[in-house]
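To be precise, the following lines are upload_2.cif, and they hold mmCIF, C-alpha atoms.
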```cif
data_coords
#
loop_
_atom_site.label_atom_id
_atom_site.label_comp_id
_atom_site.auth_asym_id
_atom_site.auth_seq_id
_atom_site.Cartn_x
_atom_site.Cartn_y
_atom_site.Cartn_z
CA MET A 7 27.36 25.34 -6.50
CA ASN A 8 23.68 24.68 -6.93
CA SER A 9 21.91 25.57 -3.70
CA GLU A 10 18.53 24.51 -5.06
CA ALA A 11 19.19 20.82 -5.57
CA SER A 12 15.92 18.94 -5.23
CA ALA A 13 17.38 16.27 -2.95
CA PRO A 14 19.94 18.06 -0.74
CA ALA A 15 22.50 15.90 1.00
CA PRO A 16 21.70 15.24 4.65
CA PRO A 17 23.87 17.03 7.22
CA ASP A 18 26.82 15.12 8.69
CA ASN A 19 25.09 14.68 12.02
CA ALA A 20 21.95 13.20 10.45
CA LEU A 21 19.90 10.46 11.90
CA ASP A 22 19.76 7.34 9.76
CA VAL A 23 18.18 3.89 9.82
CA ALA A 24 21.07 2.36 11.78
CA VAL A 25 20.70 4.96 14.55
CA ILE A 26 16.94 4.43 14.70
CA GLY A 27 17.42 0.65 14.93
CA ARG A 28 19.84 1.16 17.85
CA LEU A 29 17.44 3.51 19.65
CA ALA A 30 14.67 0.90 19.29
CA ALA A 31 16.94 -1.94 20.47
CA LYS A 32 17.77 0.07 23.60
CA ILE A 33 14.08 -0.07 24.54
CA ASP A 34 14.05 -3.82 23.93
CA GLU A 35 15.92 -6.10 21.52
CA ARG A 36 12.72 -7.37 19.92
CA LEU A 37 11.60 -3.81 19.13
CA GLY A 38 14.97 -3.20 17.50
CA GLN A 39 14.39 -6.17 15.17
CA GLN A 40 10.82 -5.11 14.41
CA ILE A 41 11.75 -1.51 13.62
CA SER A 42 14.69 -2.59 11.44
CA PHE A 43 12.29 -4.74 9.38
CA ILE A 44 9.77 -1.89 9.14
CA LEU A 45 12.47 0.52 7.94
CA GLU A 46 13.66 -2.02 5.33
CA LEU A 47 10.10 -2.37 4.00
CA ASP A 48 10.32 1.21 2.74
CA ARG A 49 12.33 -0.11 -0.20
CA LEU A 50 9.33 -1.93 -1.67
CA LYS A 51 8.09 1.52 -2.76
CA GLY A 52 11.00 1.62 -5.21
CA ILE A 53 10.24 -1.72 -6.93
CA ILE A 54 8.59 -0.89 -10.26
CA ARG A 55 6.04 -3.18 -11.91
CA ARG A 56 4.94 -3.44 -15.57
CA SER A 57 1.42 -2.14 -15.00
CA ARG A 58 0.73 1.55 -15.51
CA LEU A 59 -1.55 3.45 -13.16
CA ILE A 60 -4.99 3.89 -14.72
CA ASP A 61 -4.19 7.53 -15.58
CA SER A 62 -1.09 6.22 -17.48
CA SER A 63 1.12 8.77 -15.68
CA ARG A 64 3.70 6.21 -14.54
CA PHE A 65 4.30 2.55 -13.71
CA GLU A 66 2.98 1.13 -10.48
CA ASN A 67 5.28 0.21 -7.60
CA THR A 68 4.88 -2.93 -5.52
CA ALA A 69 4.01 -1.26 -2.20
CA GLU A 70 1.02 0.64 -3.60
CA HIS A 71 0.04 -2.48 -5.60
CA SER A 72 -0.06 -4.42 -2.32
CA TRP A 73 -2.34 -1.79 -0.74
CA HIS A 74 -4.67 -1.99 -3.72
CA LEU A 75 -4.87 -5.79 -3.35
CA ALA A 76 -5.65 -5.43 0.36
CA MET A 77 -8.58 -3.13 -0.41
CA MET A 78 -9.79 -5.61 -3.05
CA ALA A 79 -9.64 -8.41 -0.47
CA ILE A 80 -11.81 -6.35 1.90
CA VAL A 81 -14.37 -5.36 -0.76
CA LEU A 82 -14.49 -8.65 -2.68
CA GLY A 83 -13.98 -11.03 0.24
CA GLU A 84 -17.71 -11.82 0.28
CA ARG A 85 -17.27 -13.44 -3.16
CA ALA A 86 -14.66 -15.93 -1.98
CA ALA A 87 -15.54 -19.56 -1.30
CA PRO A 88 -16.86 -20.15 2.26
CA GLU A 89 -13.64 -21.98 3.24
CA VAL A 90 -11.57 -18.84 2.60
CA ASP A 91 -10.26 -17.01 5.67
CA VAL A 92 -10.61 -13.47 4.34
CA ALA A 93 -8.73 -11.86 7.25
CA ARG A 94 -5.79 -14.15 6.48
CA ALA A 95 -6.06 -13.47 2.73
CA LEU A 96 -5.68 -9.79 3.62
CA LYS A 97 -2.35 -10.56 5.32
CA LEU A 98 -1.26 -12.78 2.41
CA VAL A 99 -1.65 -10.00 -0.14
CA LEU A 100 0.10 -7.46 2.12
CA VAL A 101 3.10 -9.76 2.61
CA HIS A 102 3.31 -11.72 -0.67
CA ASP A 103 5.57 -9.35 -2.62
CA ILE A 104 8.00 -8.26 0.13
CA VAL A 105 10.62 -10.62 -1.35
CA GLU A 106 10.77 -8.28 -4.37
CA ILE A 107 12.84 -5.85 -2.25
CA ASP A 108 15.78 -8.16 -3.00
CA ALA A 109 14.54 -10.26 -5.93
CA GLY A 110 12.79 -7.56 -7.99
CA ASP A 111 9.53 -7.83 -9.90
CA VAL A 112 9.49 -10.46 -12.65
CA TYR A 113 7.12 -9.76 -15.53
CA ILE A 114 4.46 -12.44 -15.65
CA TYR A 115 5.04 -12.93 -19.41
CA ASP A 116 8.86 -13.17 -19.14
CA ASP A 117 9.30 -16.98 -19.14
CA ALA A 118 13.12 -16.86 -19.04
CA ALA A 119 13.31 -14.62 -15.98
CA ARG A 120 10.72 -16.74 -14.21
CA LEU A 121 13.12 -19.72 -14.21
CA SER A 122 15.49 -18.08 -11.71
CA LYS A 123 12.67 -16.39 -9.82
CA GLN A 124 12.14 -19.06 -7.19
CA ALA A 125 15.75 -19.33 -5.97
CA ASN A 126 16.11 -15.54 -5.86
CA GLU A 127 12.91 -15.15 -3.89
CA GLU A 128 13.82 -17.91 -1.42
CA ALA A 129 17.07 -16.11 -0.61
CA ALA A 130 15.19 -12.82 -0.32
CA ALA A 131 12.66 -14.34 2.09
CA ASP A 132 15.49 -15.69 4.28
CA ARG A 133 17.19 -12.31 4.53
CA LEU A 134 14.16 -10.04 4.80
CA PHE A 135 11.94 -12.07 7.15
CA GLY A 136 15.13 -12.91 9.07
CA LEU A 137 15.33 -9.31 10.21
CA LEU A 138 12.34 -10.04 12.47
CA PRO A 139 12.27 -11.97 15.77
CA ASP A 140 12.21 -15.73 15.00
CA ASP A 141 8.51 -16.26 15.72
CA GLN A 142 7.45 -13.39 13.48
CA ALA A 143 9.89 -14.44 10.76
CA ALA A 144 8.25 -17.88 10.77
CA GLU A 145 4.77 -16.28 10.61
CA MET A 146 5.75 -14.17 7.58
CA ARG A 147 7.28 -17.17 5.89
CA GLU A 148 4.09 -19.18 6.40
CA LEU A 149 2.02 -16.38 4.87
CA TRP A 150 4.36 -16.13 1.88
CA ASP A 151 4.42 -19.94 1.40
CA GLU A 152 0.63 -20.11 1.51
CA TYR A 153 0.43 -17.47 -1.22
CA GLU A 154 3.11 -19.14 -3.36
CA ASP A 155 1.77 -22.70 -2.98
CA ARG A 156 -1.86 -21.80 -3.73
CA ALA A 157 -2.77 -25.12 -2.08
CA THR A 158 -5.42 -23.64 0.24
CA PRO A 159 -8.67 -21.83 -0.67
CA THR A 160 -7.26 -18.74 1.09
CA GLY A 161 -4.06 -18.86 -0.99
CA GLN A 162 -6.13 -19.31 -4.14
CA PHE A 163 -8.32 -16.33 -3.34
CA ALA A 164 -5.27 -14.12 -2.62
CA TYR A 165 -3.76 -15.21 -5.92
CA ALA A 166 -7.01 -14.50 -7.80
CA ILE A 167 -7.03 -10.93 -6.47
CA ASP A 168 -3.37 -10.53 -7.45
CA ARG A 169 -4.14 -11.63 -11.02
CA LEU A 170 -7.29 -9.54 -11.40
CA GLN A 171 -5.71 -6.27 -10.27
CA PRO A 172 -3.20 -5.83 -13.13
CA LEU A 173 -5.94 -6.90 -15.57
CA LEU A 174 -8.07 -4.02 -14.24
CA LEU A 175 -5.14 -1.58 -14.46
CA ASN A 176 -4.07 -2.63 -17.94
CA ALA A 177 -7.63 -2.53 -19.27
CA GLY A 178 -8.42 0.72 -17.40
CA SER A 179 -5.35 2.43 -18.84
CA GLY A 180 -6.28 1.38 -22.40
CA GLY A 181 -4.26 -1.81 -22.64
CA LEU A 182 -0.88 -0.10 -23.23
CA SER A 183 1.11 -2.64 -21.27
CA TRP A 184 -0.31 -5.37 -23.55
CA THR A 185 0.15 -3.56 -26.86
CA GLU A 186 3.70 -2.42 -26.00
CA ASN A 187 4.72 -5.98 -25.18
CA GLY A 188 2.76 -7.68 -27.98
CA ILE A 189 0.79 -9.87 -25.58
CA ARG A 190 -1.60 -12.49 -26.99
CA GLU A 191 -5.08 -13.29 -25.76
CA ALA A 192 -4.03 -16.90 -25.05
CA GLN A 193 -1.24 -15.71 -22.72
CA VAL A 194 -3.66 -13.60 -20.71
CA GLN A 195 -6.14 -16.46 -20.54
CA LYS A 196 -3.45 -18.79 -19.23
CA VAL A 197 -2.01 -16.39 -16.66
CA ASN A 198 -5.45 -15.43 -15.34
CA GLY A 199 -6.92 -18.93 -15.36
CA PRO A 200 -6.24 -19.45 -11.63
CA ILE A 201 -8.76 -16.67 -10.87
CA VAL A 202 -11.54 -19.24 -11.33
CA ALA A 203 -10.33 -21.20 -8.31
CA GLY A 204 -10.45 -18.05 -6.16
CA ALA A 205 -13.84 -16.57 -7.01
CA VAL A 206 -16.11 -17.52 -9.91
CA GLU A 207 -17.62 -14.07 -10.54
CA LEU A 208 -14.17 -12.54 -10.71
CA TRP A 209 -13.27 -15.05 -13.39
CA ASP A 210 -16.47 -14.11 -15.27
CA LEU A 211 -15.30 -10.49 -15.11
CA ALA A 212 -11.79 -11.37 -16.29
CA GLN A 213 -13.31 -13.27 -19.24
CA ALA A 214 -15.50 -10.30 -20.18
CA ILE A 215 -12.53 -7.89 -20.03
CA ILE A 216 -10.29 -10.19 -22.08
CA ALA A 217 -13.03 -10.61 -24.72
CA GLU A 218 -13.50 -6.84 -24.93
CA ALA A 219 -9.73 -6.22 -25.12
CA THR A 220 -9.33 -8.80 -27.89
CA ALA A 221 -12.26 -7.36 -29.86
CA ALA A 222 -10.66 -3.90 -29.49
CA GLY A 223 -7.35 -5.20 -30.85
CA LEU A 224 -5.51 -4.61 -27.57
CA LEU A 225 -4.64 -8.30 -27.26
CA LEU A 226 -3.35 -10.27 -30.24
CA PRO A 227 -5.51 -13.18 -31.46
CA GLU A 228 -4.11 -16.70 -31.95
CA GLU A 229 -1.18 -17.04 -34.36
CA MET B 10 5.64 13.92 -34.72
CA ASN B 11 7.36 12.23 -31.83
CA SER B 12 6.75 8.51 -32.03
CA GLU B 13 8.65 7.85 -28.81
CA ALA B 14 6.45 9.77 -26.36
CA SER B 15 6.76 8.09 -22.98
CA ALA B 16 2.98 7.97 -22.40
CA PRO B 17 1.41 7.32 -25.82
CA ALA B 18 -2.26 8.14 -26.21
CA PRO B 19 -4.51 5.07 -26.03
CA PRO B 20 -6.12 3.93 -29.29
CA ASP B 21 -9.64 5.18 -30.04
CA ASN B 22 -11.16 1.80 -29.34
CA ALA B 23 -9.53 1.50 -25.91
CA LEU B 24 -11.09 -0.01 -22.88
CA ASP B 25 -11.54 2.43 -20.03
CA VAL B 26 -12.84 2.43 -16.47
CA ALA B 27 -16.43 3.14 -17.56
CA VAL B 28 -16.45 0.11 -19.86
CA ILE B 29 -14.99 -2.11 -17.13
CA GLY B 30 -17.64 -0.88 -14.67
CA ARG B 31 -20.37 -1.77 -17.17
CA LEU B 32 -18.91 -5.22 -17.82
CA ALA B 33 -18.87 -5.87 -14.06
CA ALA B 34 -22.44 -4.56 -13.60
CA LYS B 35 -23.63 -6.98 -16.30
CA ILE B 36 -22.47 -9.87 -14.06
CA ASP B 37 -24.33 -8.33 -11.13
CA GLU B 38 -25.09 -4.76 -10.09
CA ARG B 39 -23.25 -5.11 -6.79
CA LEU B 40 -20.07 -6.22 -8.57
CA GLY B 41 -20.36 -3.15 -10.79
CA GLN B 42 -20.36 -0.91 -7.72
CA GLN B 43 -17.49 -2.80 -6.09
CA ILE B 44 -15.30 -2.69 -9.20
CA SER B 45 -16.03 1.02 -9.79
CA PHE B 46 -14.83 1.73 -6.23
CA ILE B 47 -11.73 -0.43 -6.71
CA LEU B 48 -10.86 1.38 -9.95
CA GLU B 49 -11.34 4.78 -8.27
CA LEU B 50 -8.94 3.74 -5.47
CA ASP B 51 -6.10 3.77 -8.01
CA ARG B 52 -6.04 7.57 -7.68
CA LEU B 53 -4.72 7.38 -4.10
CA LYS B 54 -1.36 6.45 -5.66
CA GLY B 55 -1.19 9.99 -7.04
CA ILE B 56 -1.73 11.78 -3.70
CA ILE B 57 1.67 13.04 -2.54
CA ARG B 58 2.61 13.41 1.13
CA ARG B 59 5.30 15.57 2.78
CA SER B 60 7.47 12.66 3.91
CA ARG B 61 10.32 11.56 1.70
CA LEU B 62 11.13 7.89 1.23
CA ILE B 63 14.06 6.86 3.40
CA ASP B 64 16.39 6.94 0.36
CA SER B 65 15.27 10.59 -0.22
CA SER B 66 14.57 9.84 -3.89
CA ARG B 67 11.04 11.25 -3.86
CA PHE B 68 8.03 12.05 -1.69
CA GLU B 69 5.79 9.25 -0.49
CA ASN B 70 2.29 8.76 -1.87
CA THR B 71 -0.70 7.89 0.29
CA ALA B 72 -1.37 4.40 -1.13
CA GLU B 73 2.13 3.10 -0.36
CA HIS B 74 2.03 4.90 3.02
CA SER B 75 -1.16 2.96 3.83
CA TRP B 76 0.53 -0.33 2.95
CA HIS B 77 3.47 0.54 5.22
CA LEU B 78 1.05 1.26 8.10
CA ALA B 79 -0.69 -2.08 7.53
CA MET B 80 2.62 -3.93 7.82
CA MET B 81 3.40 -1.95 11.00
CA ALA B 82 0.03 -2.98 12.45
CA ILE B 83 0.84 -6.65 11.76
CA VAL B 84 4.37 -6.49 13.21
CA LEU B 85 3.68 -4.15 16.15
CA GLY B 86 0.15 -5.33 16.98
CA GLU B 87 1.49 -7.37 19.92
CA ARG B 88 2.47 -4.07 21.58
CA ALA B 89 -1.05 -2.65 21.55
CA ALA B 90 -3.21 -2.65 24.69
CA PRO B 91 -5.15 -5.92 25.18
CA GLU B 92 -8.46 -4.21 24.31
CA VAL B 93 -7.18 -3.40 20.79
CA ASP B 94 -8.68 -5.44 17.93
CA VAL B 95 -5.54 -5.70 15.80
CA ALA B 96 -7.36 -7.19 12.78
CA ARG B 97 -9.69 -4.21 12.81
CA ALA B 98 -6.78 -1.77 13.28
CA LEU B 99 -5.34 -3.26 10.09
CA LYS B 100 -8.51 -2.32 8.20
CA LEU B 101 -8.54 1.15 9.80
CA VAL B 102 -5.08 2.02 8.52
CA LEU B 103 -5.85 0.64 5.04
CA VAL B 104 -9.02 2.76 4.76
CA HIS B 105 -8.24 5.89 6.80
CA ASP B 106 -6.70 8.00 4.02
CA ILE B 107 -8.98 7.08 1.08
CA VAL B 108 -10.75 10.44 1.51
CA GLU B 109 -7.53 12.09 0.32
CA ILE B 110 -8.43 11.06 -3.25
CA ASP B 111 -10.80 14.05 -3.22
CA ALA B 112 -9.60 16.10 -0.24
CA GLY B 113 -5.82 15.83 -0.71
CA ASP B 114 -3.17 15.37 1.95
CA VAL B 115 -2.97 18.15 4.53
CA TYR B 116 0.44 18.68 6.13
CA ILE B 117 0.21 17.96 9.83
CA TYR B 118 2.01 21.24 10.65
CA ASP B 119 -0.19 23.41 8.36
CA ASP B 120 -2.67 24.77 10.94
CA ALA B 121 -4.57 26.98 8.43
CA ALA B 122 -5.26 24.15 5.98
CA ARG B 123 -6.35 21.88 8.80
CA LEU B 124 -9.33 24.17 9.51
CA SER B 125 -11.12 23.27 6.27
CA LYS B 126 -9.88 19.67 6.37
CA GLN B 127 -12.87 18.15 8.12
CA ALA B 128 -15.58 19.50 5.79
CA ASN B 129 -13.58 18.52 2.71
CA GLU B 130 -13.00 15.01 4.01
CA GLU B 131 -16.66 14.52 4.96
CA ALA B 132 -17.71 15.34 1.40
CA ALA B 133 -14.99 13.04 0.05
CA ALA B 134 -16.17 10.18 2.27
CA ASP B 135 -19.75 10.64 1.03
CA ARG B 136 -18.73 10.49 -2.61
CA LEU B 137 -16.05 7.80 -2.47
CA PHE B 138 -17.63 5.32 -0.05
CA GLY B 139 -20.94 6.05 -1.83
CA LEU B 140 -19.60 4.26 -4.90
CA LEU B 141 -19.98 0.99 -2.96
CA PRO B 142 -23.17 -0.94 -2.18
CA ASP B 143 -24.90 0.68 0.83
CA ASP B 144 -23.86 -1.91 3.40
CA GLN B 145 -20.19 -1.71 2.40
CA ALA B 146 -20.31 2.09 2.22
CA ALA B 147 -21.57 2.09 5.83
CA GLU B 148 -18.80 -0.33 6.86
CA MET B 149 -16.10 1.89 5.31
CA ARG B 150 -17.61 4.95 6.96
CA GLU B 151 -17.53 3.25 10.36
CA LEU B 152 -13.88 2.34 9.90
CA TRP B 153 -13.01 5.89 8.88
CA ASP B 154 -15.00 7.39 11.77
CA GLU B 155 -13.30 5.09 14.29
CA TYR B 156 -9.91 6.23 13.02
CA GLU B 157 -10.88 9.92 13.03
CA ASP B 158 -12.59 9.88 16.45
CA ARG B 159 -9.80 8.00 18.24
CA ALA B 160 -12.35 7.21 20.94
CA THR B 161 -11.62 3.46 21.00
CA PRO B 162 -8.36 1.65 21.89
CA THR B 163 -8.32 0.29 18.32
CA GLY B 164 -8.66 3.79 16.84
CA GLN B 165 -5.91 5.03 19.17
CA PHE B 166 -3.56 2.25 18.14
CA ALA B 167 -4.18 2.90 14.42
CA TYR B 168 -3.51 6.59 14.99
CA ALA B 169 -0.30 5.84 16.90
CA ILE B 170 1.01 3.79 13.95
CA ASP B 171 0.06 6.60 11.58
CA ARG B 172 2.01 9.12 13.66
CA LEU B 173 5.07 6.92 14.17
CA GLN B 174 5.52 6.05 10.47
CA PRO B 175 6.36 9.58 9.18
CA LEU B 176 8.61 10.06 12.23
CA LEU B 177 10.56 6.96 11.14
CA LEU B 178 10.71 8.16 7.51
CA ASN B 179 11.73 11.70 8.38
CA ALA B 180 14.40 10.54 10.82
CA GLY B 181 15.54 7.74 8.50
CA SER B 182 15.97 10.15 5.60
CA GLY B 183 18.06 12.56 7.71
CA GLY B 184 15.29 14.87 8.89
CA LEU B 185 15.01 16.83 5.62
CA SER B 186 11.27 17.30 5.85
CA TRP B 187 11.78 18.94 9.27
CA THR B 188 14.72 21.16 8.35
CA GLU B 189 13.12 22.32 5.07
CA ASN B 190 9.96 23.36 6.90
CA GLY B 191 11.67 24.77 10.02
CA ILE B 192 9.83 22.42 12.36
CA ARG B 193 10.34 22.81 16.13
CA GLU B 194 10.79 20.03 18.66
CA ALA B 195 7.68 21.21 20.53
CA GLN B 196 5.54 20.78 17.40
CA VAL B 197 6.74 17.22 16.91
CA GLN B 198 6.13 16.44 20.58
CA LYS B 199 2.58 17.76 20.34
CA VAL B 200 1.69 15.99 17.09
CA ASN B 201 3.12 12.68 18.25
CA GLY B 202 1.75 12.86 21.81
CA PRO B 203 -1.23 10.60 20.94
CA ILE B 204 1.20 7.72 20.30
CA VAL B 205 1.33 7.17 24.07
CA ALA B 206 -2.35 6.18 24.12
CA GLY B 207 -1.75 3.59 21.37
CA ALA B 208 1.34 1.79 22.58
CA VAL B 209 3.72 2.86 25.35
CA GLU B 210 6.93 1.41 23.88
CA LEU B 211 6.26 3.16 20.58
CA TRP B 212 6.01 6.42 22.47
CA ASP B 213 9.33 5.64 24.18
CA LEU B 214 10.81 5.16 20.72
CA ALA B 215 9.29 8.40 19.42
CA GLN B 216 10.76 10.25 22.41
CA ALA B 217 14.21 8.77 21.78
CA ILE B 218 14.10 9.73 18.08
CA ILE B 219 12.90 13.28 18.84
CA ALA B 220 15.67 13.74 21.44
CA GLU B 221 18.30 12.52 18.96
CA ALA B 222 16.92 14.75 16.18
CA THR B 223 16.94 17.78 18.44
CA ALA B 224 20.49 17.08 19.62
CA ALA B 225 21.54 16.77 15.96
CA GLY B 226 19.97 20.14 15.13
CA LEU B 227 17.34 18.62 12.83
CA LEU B 228 14.51 19.97 14.97
CA LEU B 229 14.58 23.54 16.29
CA PRO B 230 14.67 24.01 20.08
CA GLU B 231 12.18 26.24 21.94
CA GLU B 232 12.04 29.91 20.88
#
```

Please render this file's structure as structure tokens.
Amino acid sequence: MNSEASAPAPPDNALDVAVIGRLAAKIDERLGQQISFILELDRLKGIIRRSRLIDSSRFENTAEHSWHLAMMAIVLGERAAPEVDVARALKLVLVHDIVEIDAGDVYIYDDAARLSKQANEEAAADRLFGLLPDDQAAEMRELWDEYEDRATPTGQFAYAIDRLQPLLLNAGSGGLSWTENGIREAQVQKVNGPIVAGAVELWDLAQAIIAEATAAGLLLPEE
Amino acid sequence: MNSEASAPAPPDNALDVAVIGRLAAKIDERLGQQISFILELDRLKGIIRRSRLIDSSRFENTAEHSWHLAMMAIVLGERAAPEVDVARALKLVLVHDIVEIDAGDVYIYDDAARLSKQANEEAAADRLFGLLPDDQAAEMRELWDEYEDRATPTGQFAYAIDRLQPLLLNAGSGGLSWTENGIREAQVQKVNGPIVAGAVELWDLAQAIIAEATAAGLLLPEE
């Protein structure tokens, strides 16, 4: 018997997410759906990305990544094209990775895994957004589609932020995620190219960081 | 020599946050300030709260907590009083805990630590928001003040969300954070009381969860 286990088992009479969902649904059915979705979102904190935190202590998870993007949208929103709806871009970056709860995070340089990514994420969107009342499920789906399609200035700005953030983390933590995976400068150029459509100065910054990383030997030159 | 250390030291010629800040400032000084702030925000991912994730695997950090609150503001915003500016409440919850980068998280039931909380957080706000250009520093400070003061309907709604979220996590993970700390029902009632000013149905839900937790012996009854 180890009475000092770090994660003791809950007692038999514990509350759990199913009980909480039922308590919410007793107040009104819509609240039950909303609270069930909110409880499910907790799992995004357990989805691990390939970027390390800047202090290199561990890999980043998708929930905290999404918060970081939201703060970037607030601070850098003034640099977006005038057609960009910055308040909507904020929602896009908060919502865009929720599908990873079911579909997982796919490394941007893993071309094989990216082939099955779309079907997996479509199924995830159906299940996860489907926990919500129909009107809110449709709203979430529209936000996610606008991010994925990158057909609007707002979607392009959200995507630019989402590309710049791991560049900042990888560079800030000394480029480990690049050197460990043998990433080439040309790959980083290609993946980050869409930043230019979102905000020109952010693309200038990405270019400067990539040049510095290549000069420092953190990114491999052309074969 | 252990060549398989999990967090290898960066090479001598590594990029770091100072270099990135300088590269950004070369594009324009304002971008240098904005990027320095964004890089500093990464540290909020290392601030650990007292709530466990629902799967009990670990304690929550403040960055992912802030993302969860933002999603709650989007989904539950329709339940706020008509005077609430939900888009602004979204910014409030994203920004409200940034001061914890310097001041740390203070447990809501630790009355002694809460005495020095305000002075520590004021100093943290000065330093952290001060990394930004003056106009954006002032904007962040206004958001933080509106959350802290809870004098506006929007501030009250943001605060209600911030109280309800740990209640959902604690209850969803079987009430461990309450039983480990010997928390009483009356304490939870008092701390969560402000929810009623933010959204009445969310207070109804909090009441239902507290009653269930007390009946299950997860919260201690009156002395």

| message | Using all atoms listed in the file - which residues lie no farther than 12 Å from the point (-9.2, 0.2, -19.4) in the file's frame? Write them as number ranges by chain. | response | A: 57-62, 171-184, 215-216, 218-219, 222, 224; B: 19-32, 45, 48

| query | Can you list, as a count of residues only, the residues that the PyMOL selection byres ((chain B and resi 96) around 9) selects here? | reply | 12

| field | Atom-to-atom span, CA of His71 (chain A) and CA of Gly38 (chain A), Å | value | 27.5 Å

| Between A:Val99, A:Leu211, A:Arg190, A:Ala166, which one has atoms that come closest to Met146 (chain A), using all atoms listed in the file? | A:Val99

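Closest approach to Asp171 (chain B) from the set B:Glu155, B:Asp106, B:Glu92, B:Asp119 is made by B:Asp106, with distances taken over all atoms listed in the file.
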
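Residues within 8 Å of Val101 (chain A), counting only C-alpha atoms and excluding same-chain residues fewer than 5 positions away, are Ser72, Met146, Leu149 and Trp150 of chain A; Met80 of chain B.
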
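Within the 12 Å cut-off around Asp120 (chain B), using all atoms listed in the file and omitting residues fewer than 5 positions from it on the same chain, the listed residues are B:Val115, B:Ser125, B:Lys126, B:Gln196, B:Val200.
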
Listed atoms of region 89-96 of chain B, axis-aligned box, 3 Å per side: centre and edge lengths to one decimal in Å, as AutoDock Vina command-line options?
```
--center_x -4.9 --center_y -4.9 --center_z 19.0 --size_x 13.6 --size_y 10.5 --size_z 18.4
```

| With distances taken over only C-alpha atoms, which of B:Arg150, B:Lys199, B:Lys35, B:Lys54 is nearest to Ala69 (chain A)? | B:Lys54

| said: Please compute the CA of Val197 (chain B)-CA of Gln165 (chain B) distance, one decimal, in Å. | reply: 17.7 Å

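CA of Asp108 (chain A) is found 18.0 Å from CA of Tyr153 (chain A).
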
| task | Go through the shown structure with the PyMOL selection byres ((chain A and resi 36) around 12) and write out the matching residues as a PyMOL selection string. | result | (chain A and resi 27-35+37-43+137-143) or (chain B and resi 84-85+87-88+210)

| task | List the residues matched by the PyMOL selection byres ((chain B and resi 110) around 10) in the displayed structure as an NGL selection string, ordered by chain and then by residue number. | result | :B and (49-56 or 71-72 or 106-109 or 111-114 or 130 or 133-134 or 137)

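Each of B:Gln198, B:Leu173, B:Phe166, B:Glu131 was checked against chain A using only C-alpha atoms; the smallest atom-to-atom distance is that of B:Leu173.
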